[in-house]
file work_26.cif (mmCIF, C-alpha atoms)
data_final
#
loop_
_atom_site.label_atom_id
_atom_site.label_comp_id
_atom_site.auth_asym_id
_atom_site.auth_seq_id
_atom_site.Cartn_x
_atom_site.Cartn_y
_atom_site.Cartn_z
CA MET A 1344 94.97 103.46 131.50
CA LEU A 1345 94.17 100.33 129.49
CA LYS A 1346 96.95 98.42 127.80
CA LEU A 1347 96.33 96.08 124.87
CA VAL A 1348 97.87 92.65 125.46
CA ILE A 1349 98.91 90.76 122.33
CA ARG A 1350 100.01 87.14 122.48
CA ARG A 1351 103.05 86.50 120.32
CA SER A 1352 104.48 83.34 118.82
CA TYR A 1353 108.05 83.43 117.50
CA GLY A 1354 107.98 87.23 117.73
CA ARG A 1355 104.88 87.63 115.56
CA PRO A 1356 101.48 88.75 116.85
CA VAL A 1357 99.01 85.87 117.00
CA CYS A 1358 95.92 87.33 118.66
CA VAL A 1359 94.73 89.93 121.09
CA VAL A 1360 94.47 88.36 124.51
CA GLY A 1361 92.53 91.25 126.02
CA TRP A 1362 92.99 94.53 127.82
CA LEU A 1363 95.18 94.90 130.89
CA VAL A 1364 93.71 97.13 133.58
CA PRO A 1365 96.30 98.25 136.13
CA GLU A 1366 95.34 97.55 139.72
CA PRO A 1367 95.10 100.52 142.07
CA ALA A 1368 98.17 101.03 144.23
CA TRP A 1369 96.23 100.27 147.42
CA SER A 1370 95.31 96.75 146.17
CA GLY A 1371 98.83 95.36 146.63
CA ARG A 1372 98.74 93.65 143.21
CA THR A 1373 101.34 94.62 140.63
CA THR A 1374 100.22 92.63 137.59
CA GLY A 1375 96.79 94.09 136.81
CA ARG A 1376 93.80 92.10 135.63
CA MET A 1377 92.51 91.14 132.21
CA ILE A 1378 89.21 92.22 130.75
CA ASP A 1379 88.06 90.78 127.46
CA ASP A 1380 85.25 93.04 126.39
CA GLU A 1381 87.04 94.03 123.16
CA TRP A 1382 88.57 91.58 120.71
CA ARG A 1383 90.30 92.00 117.40
CA THR A 1384 90.75 89.46 114.64
CA ARG A 1385 94.27 88.19 113.97
CA LYS A 1386 94.31 90.04 110.62
CA GLU A 1387 93.42 93.36 112.28
CA VAL A 1388 96.13 92.85 114.91
CA VAL A 1389 98.77 92.05 112.30
CA LYS A 1390 97.85 95.15 110.25
CA MET A 1391 97.80 97.35 113.33
CA THR A 1392 101.13 95.99 114.59
CA ALA A 1393 102.80 96.30 111.17
CA ARG A 1394 101.74 99.97 110.93
CA GLU A 1395 103.07 100.67 114.42
CA GLU A 1396 106.37 98.87 113.74
CA LYS A 1397 106.87 100.63 110.37
CA ALA A 1398 106.25 104.03 111.92
CA LYS A 1399 108.62 103.16 114.76
CA CYS A 1400 111.37 101.94 112.40
CA GLU A 1401 111.33 105.12 110.35
CA GLU A 1402 111.82 107.18 113.50
CA ASP A 1403 114.06 104.78 115.45
CA LEU A 1404 117.78 105.07 114.64
CA PHE A 1405 118.44 101.81 116.53
CA CYS A 1406 116.15 99.76 114.29
CA GLY A 1407 118.17 98.35 111.38
CA VAL A 1408 121.10 99.98 109.61
CA ASN A 1409 121.00 103.69 108.82
CA ARG A 1410 121.92 105.11 105.42
CA PRO A 1411 121.72 108.64 104.06
CA LYS A 1412 118.29 109.33 102.60
CA ASP A 1413 119.83 111.56 99.90
CA PRO A 1414 123.60 110.91 99.43
CA ASP A 1415 124.00 114.15 97.46
CA ASN A 1416 122.40 116.28 100.18
CA MET A 1417 123.21 114.72 103.57
CA THR A 1418 122.05 116.14 106.88
CA ASP A 1419 124.55 116.99 109.63
CA LEU A 1420 123.51 113.83 111.50
CA GLU A 1421 124.29 111.71 108.42
CA LYS A 1422 127.61 113.48 107.79
CA LYS A 1423 128.72 112.79 111.37
CA HIS A 1424 127.86 109.09 111.22
CA ILE A 1425 128.58 107.79 107.70
CA PRO A 1426 131.80 105.74 107.70
CA VAL A 1427 134.02 106.97 104.85
CA ILE A 1428 136.13 104.22 103.24
CA THR A 1429 139.43 105.10 101.63
CA ALA A 1430 140.83 102.25 99.53
CA PRO A 1431 142.03 101.62 95.97
CA THR A 1432 139.23 100.91 93.50
CA SER A 1433 141.28 98.13 91.89
CA VAL A 1434 143.68 95.70 93.62
CA LYS A 1435 145.72 92.67 92.54
CA LYS A 1436 144.58 89.23 93.62
CA GLY A 1437 146.28 88.11 96.87
CA GLU A 1438 148.21 91.38 97.32
CA CYS A 1439 147.91 93.31 100.61
CA PHE A 1440 146.48 96.81 100.50
CA GLU A 1441 145.42 99.31 103.14
CA VAL A 1442 141.83 100.27 103.86
CA THR A 1443 141.05 103.26 106.07
CA VAL A 1444 137.61 103.80 107.58
CA GLU A 1445 136.94 107.20 109.17
CA VAL A 1446 133.81 108.23 111.02
CA GLY A 1447 133.30 111.98 111.21
CA LYS A 1448 135.44 112.76 108.18
CA LEU A 1449 132.65 114.79 106.55
CA LEU A 1450 131.68 116.49 109.83
CA ALA A 1451 133.38 115.85 113.18
CA HIS A 1452 131.61 113.37 115.43
CA PRO A 1453 131.60 114.03 119.22
CA ASN A 1454 133.95 111.85 121.26
CA GLU A 1455 132.84 112.22 124.87
CA THR A 1456 131.63 109.88 127.60
CA GLY A 1457 127.95 110.25 126.71
CA HIS A 1458 128.33 110.22 122.90
CA PHE A 1459 130.97 108.26 121.00
CA ILE A 1460 131.61 105.62 118.32
CA GLN A 1461 131.66 102.14 119.87
CA PHE A 1462 133.14 100.16 116.95
CA VAL A 1463 133.82 99.97 113.21
CA GLU A 1464 133.55 96.74 111.20
CA LEU A 1465 134.80 96.16 107.65
CA TYR A 1466 133.21 93.70 105.20
CA LEU A 1467 133.62 92.70 101.57
CA ASP A 1468 129.92 92.58 100.77
CA ASP A 1469 128.84 90.07 103.49
CA THR A 1470 132.30 88.62 104.23
CA TYR A 1471 133.78 89.85 107.51
CA LEU A 1472 137.29 91.34 107.21
CA ALA A 1473 138.13 93.36 110.34
CA ARG A 1474 136.83 95.14 113.44
CA MET A 1475 138.10 97.81 115.81
CA ASP A 1476 136.50 98.83 119.13
CA PHE A 1477 136.75 102.36 120.53
CA THR A 1478 136.37 104.00 123.92
CA ALA A 1479 135.09 107.47 124.71
CA LYS A 1480 137.56 110.37 124.84
CA THR A 1481 140.77 108.33 124.43
CA THR A 1482 140.38 106.95 120.88
CA CYS A 1483 139.55 108.48 117.52
CA PRO A 1484 137.05 106.65 115.30
CA THR A 1485 139.53 105.78 112.54
CA MET A 1486 140.40 102.21 111.57
CA LYS A 1487 143.24 101.10 109.30
CA ALA A 1488 143.43 97.51 108.11
CA CYS A 1489 145.67 95.70 105.66
CA VAL A 1490 143.74 93.09 103.71
CA ALA A 1491 144.36 90.76 100.76
CA LEU A 1492 141.50 89.62 98.55
CA ASP A 1493 141.32 86.56 96.29
CA HIS A 1494 138.16 87.79 94.60
CA ALA A 1495 135.50 90.45 94.95
CA HIS A 1496 131.80 89.81 94.86
CA GLY A 1497 130.48 93.16 95.94
CA LYS A 1498 131.57 96.38 97.59
CA LEU A 1499 133.65 97.17 100.62
CA ARG A 1500 131.21 98.00 103.38
CA ALA A 1501 131.94 99.58 106.75
CA PHE A 1502 129.51 99.55 109.66
CA GLU A 1503 129.90 101.85 112.64
CA ARG A 1504 127.94 101.96 115.86
CA CYS A 1505 127.24 105.21 117.72
CA ASN A 1506 126.04 104.77 121.28
CA LEU A 1507 123.31 107.42 120.73
CA HIS A 1508 122.43 107.09 117.04
CA GLY A 1509 122.72 103.39 116.19
CA THR A 1510 124.44 101.59 113.32
CA TRP A 1511 125.40 103.30 110.06
CA VAL A 1512 126.90 101.92 106.84
CA GLY A 1513 129.24 103.31 104.21
CA GLU A 1514 130.28 101.63 100.93
CA ALA A 1515 133.11 101.82 98.40
CA PRO A 1516 133.53 99.94 95.10
CA ILE A 1517 136.43 97.53 94.66
CA GLU A 1518 137.69 95.31 91.84
CA VAL A 1519 140.15 92.40 92.11
CA THR A 1520 142.32 91.81 89.04
CA GLY A 1521 144.74 89.19 87.87
#
call {"tool": "encode", "arguments": {"input": "work_26.cif", "output": "structure tokens"}}
result
Amino acid sequence: MLKLVIRRSYGRPVCVVGWLVPEPAWSGRTTGRMIDDEWRTRKEVVKMTAREEKAKCEEDLFCGVNRPKDPDNMTDLEKKHIPVITAPTSVKKGECFEVTVEVGKLLAHPNETGHFIQFVELYLDDTYLARMDFTAKTTCPTMKACVALDHAHGKLRAFERCNLHGTWVGEAPIEVTG
């Protein structure tokens, strides 16, 4: 089987180096050898790689942050993984209030050794507020945090990480008054 070898610079494809031909097992070599009978231009390689990466990202739950495709009609997978934020929609400046983040509130998420929620993080837009780590079987994926805000410049956002299905985000509006 031939394998295309692409040279990369800073993570981006630069050019096709050639084709890697695996050596037969009896040869004792493990690296294979290069043949250069087929070449692609840099533009062709970039287009080809971008198509492959886009297709992979749409299918790969571990690539990026997952969100429900249709919030009004979520799949069971989405219901199990979306962090649900419970907090007041309006709070007073500098006053403590409680925020609860629950994973599996819409549909119970498994909590076993092979499938569990690893952590939940809470942000005010991009500003980090709190984090809680979980272990399989012995903890429930619910986080409560008391926070005080001086101002709001976005939404409360919670990120959770499932060991089998990647990172998911949930959001809730918030307003800081007075």
call {"tool": "closest_residue", "arguments": {"input": "work_26.cif", "among": "A:Val1512, A:Val1434, A:Ala1479, A:Ala1491", "to": "His1458 of chain A", "atoms": "all atoms listed in the file"}}
result
A:Ala1479
call {"tool": "resolve_selection", "arguments": {"input": "work_26.cif", "expression": "the PyMOL selection byres ((chain A and resi 1442-1453) around 7)", "output": "list in words"}}
result
Lys1422, Lys1423, His1424, Ile1425, Pro1426, Val1427, Ile1428, Thr1429, Ala1430, Phe1440, Glu1441, Asn1454, Glu1455, His1458, Phe1459, Pro1484, Thr1485, Met1486, Lys1487, Ala1488 and Cys1489 of chain A
call {"tool": "atom_distance", "arguments": {"input": "work_26.cif", "atom1": "atom CA of Gln1461 of chain A", "atom2": "atom CA of Glu1503 of chain A"}}
result
7.4 Å
call {"tool": "closest_residue", "arguments": {"input": "work_26.cif", "among": "A:Thr1520, A:Gly1437, A:His1508, A:Leu1467", "to": "Cys1406 of chain A", "atoms": "all atoms listed in the file"}}
result
A:His1508
call {"tool": "atom_distance", "arguments": {"input": "work_26.cif", "atom1": "atom CA of Asn1416 of chain A", "atom2": "atom CA of Ala1515 of chain A"}}
result
18.1 Å
call {"tool": "residues_near_point", "arguments": {"input": "work_26.cif", "point": "(124.3, 102.9, 113.3)", "cutoff": "8 Å", "atoms": "only C-alpha atoms", "output": "list in words"}}
result
Leu1404, Phe1405, Gly1407, Val1408, Asn1409, His1424, Phe1502, Glu1503, Arg1504, Cys1505, His1508, Gly1509, Thr1510, Trp1511 and Val1512 of chain A
call {"tool": "closest_residue", "arguments": {"input": "work_26.cif", "among": "A:Pro1411, A:Thr1456, A:Pro1431, A:Asn1506", "to": "Lys1480 of chain A", "atoms": "all atoms listed in the file"}}
result
A:Thr1456
call {"tool": "atom_distance", "arguments": {"input": "work_26.cif", "atom1": "atom CA of Met1417 of chain A", "atom2": "atom CA of Glu1514 of chain A"}}
result
15.1 Å
call {"tool": "residues_around", "arguments": {"input": "work_26.cif", "residues": "Val1519 of chain A", "least_positions_apart": "6", "cutoff": "8 Å", "atoms": "all atoms listed in the file", "output": "mmCIF file with C-alpha atoms, keeping the file's coordinate frame"}}
result
data_model
loop_
_atom_site.group_PDB
_atom_site.id
_atom_site.type_symbol
_atom_site.label_atom_id
_atom_site.label_comp_id
_atom_site.auth_asym_id
_atom_site.auth_seq_id
_atom_site.Cartn_x
_atom_site.Cartn_y
_atom_site.Cartn_z
ATOM 1 C CA SER A 1433 141.280 98.130 91.890
ATOM 2 C CA VAL A 1434 143.680 95.700 93.620
ATOM 3 C CA LYS A 1435 145.720 92.670 92.540
ATOM 4 C CA LYS A 1436 144.580 89.230 93.620
ATOM 5 C CA LEU A 1492 141.500 89.620 98.550
ATOM 6 C CA ASP A 1493 141.320 86.560 96.290
ATOM 7 C CA HIS A 1494 138.160 87.790 94.600
ATOM 8 C CA ALA A 1495 135.500 90.450 94.950
#
call {"tool": "closest_residue", "arguments": {"input": "work_26.cif", "among": "A:Ala1501, A:His1496, A:Gly1513, A:Asp1415", "to": "Met1475 of chain A", "atoms": "all atoms listed in the file"}}
result
A:Ala1501
call {"tool": "closest_residue", "arguments": {"input": "work_26.cif", "among": "A:Asp1413, A:Asp1468, A:Glu1402, A:Phe1477", "to": "Ile1517 of chain A", "atoms": "only C-alpha atoms"}}
result
A:Asp1468
call {"tool": "decode", "arguments": {"input": "work_26.cif", "residues": "segment 1465-1520 of chain A", "atoms": "C-alpha atoms", "output": "mmCIF file, in the first residue's frame"}}
result
data_model
loop_
_atom_site.group_PDB
_atom_site.id
_atom_site.type_symbol
_atom_site.label_atom_id
_atom_site.label_comp_id
_atom_site.auth_asym_id
_atom_site.auth_seq_id
_atom_site.Cartn_x
_atom_site.Cartn_y
_atom_site.Cartn_z
ATOM 1 C CA LEU A 1465 -17.401 27.660 33.776
ATOM 2 C CA TYR A 1466 -16.650 30.902 31.900
ATOM 3 C CA LEU A 1467 -18.169 34.349 31.552
ATOM 4 C CA ASP A 1468 -17.755 34.590 27.791
ATOM 5 C CA ASP A 1469 -13.961 33.979 27.598
ATOM 6 C CA THR A 1470 -13.149 34.755 31.254
ATOM 7 C CA TYR A 1471 -12.428 31.647 33.335
ATOM 8 C CA LEU A 1472 -14.503 31.359 36.530
ATOM 9 C CA ALA A 1473 -14.346 27.787 37.882
ATOM 10 C CA ARG A 1474 -13.560 24.140 37.172
ATOM 11 C CA MET A 1475 -14.447 20.785 38.696
ATOM 12 C CA ASP A 1476 -12.887 17.413 37.815
ATOM 13 C CA PHE A 1477 -14.800 14.127 38.057
ATOM 14 C CA THR A 1478 -13.926 10.456 38.323
ATOM 15 C CA ALA A 1479 -15.835 7.500 36.948
ATOM 16 C CA LYS A 1480 -18.515 5.857 39.110
ATOM 17 C CA THR A 1481 -17.891 7.856 42.311
ATOM 18 C CA THR A 1482 -18.887 11.390 41.239
ATOM 19 C CA CYS A 1483 -21.917 12.887 39.526
ATOM 20 C CA PRO A 1484 -21.314 15.439 36.761
ATOM 21 C CA THR A 1485 -22.847 18.399 38.600
ATOM 22 C CA MET A 1486 -20.890 21.506 39.552
ATOM 23 C CA LYS A 1487 -22.015 24.290 41.879
ATOM 24 C CA ALA A 1488 -20.023 27.493 42.117
ATOM 25 C CA CYS A 1489 -20.595 30.786 43.893
ATOM 26 C CA VAL A 1490 -19.354 33.701 41.812
ATOM 27 C CA ALA A 1491 -19.487 37.504 41.946
ATOM 28 C CA LEU A 1492 -19.323 39.569 38.774
ATOM 29 C CA ASP A 1493 -18.306 43.217 38.355
ATOM 30 C CA HIS A 1494 -19.588 43.337 34.795
ATOM 31 C CA ALA A 1495 -20.844 41.063 32.057
ATOM 32 C CA HIS A 1496 -19.614 41.087 28.508
ATOM 33 C CA GLY A 1497 -21.245 37.977 27.167
ATOM 34 C CA LYS A 1498 -22.954 34.809 28.313
ATOM 35 C CA LEU A 1499 -22.177 32.249 30.952
ATOM 36 C CA ARG A 1500 -20.619 29.315 29.146
ATOM 37 C CA ALA A 1501 -19.956 25.831 30.481
ATOM 38 C CA PHE A 1502 -17.651 23.335 28.804
ATOM 39 C CA GLU A 1503 -17.693 19.648 29.658
ATOM 40 C CA ARG A 1504 -15.411 16.880 28.486
ATOM 41 C CA CYS A 1505 -16.631 13.321 27.944
ATOM 42 C CA ASN A 1506 -13.879 10.733 27.634
ATOM 43 C CA LEU A 1507 -15.661 9.135 24.625
ATOM 44 C CA HIS A 1508 -17.445 12.052 22.948
ATOM 45 C CA GLY A 1509 -15.182 15.092 23.380
ATOM 46 C CA THR A 1510 -15.906 18.629 24.545
ATOM 47 C CA TRP A 1511 -19.396 20.155 24.574
ATOM 48 C CA VAL A 1512 -20.607 23.667 25.407
ATOM 49 C CA GLY A 1513 -23.768 25.078 26.946
ATOM 50 C CA GLU A 1514 -24.685 28.769 27.353
ATOM 51 C CA ALA A 1515 -26.962 30.918 29.494
ATOM 52 C CA PRO A 1516 -27.610 34.680 29.313
ATOM 53 C CA ILE A 1517 -26.656 36.898 32.246
ATOM 54 C CA GLU A 1518 -26.925 40.617 33.020
ATOM 55 C CA VAL A 1519 -25.062 42.554 35.729
ATOM 56 C CA THR A 1520 -26.931 45.531 37.182
#
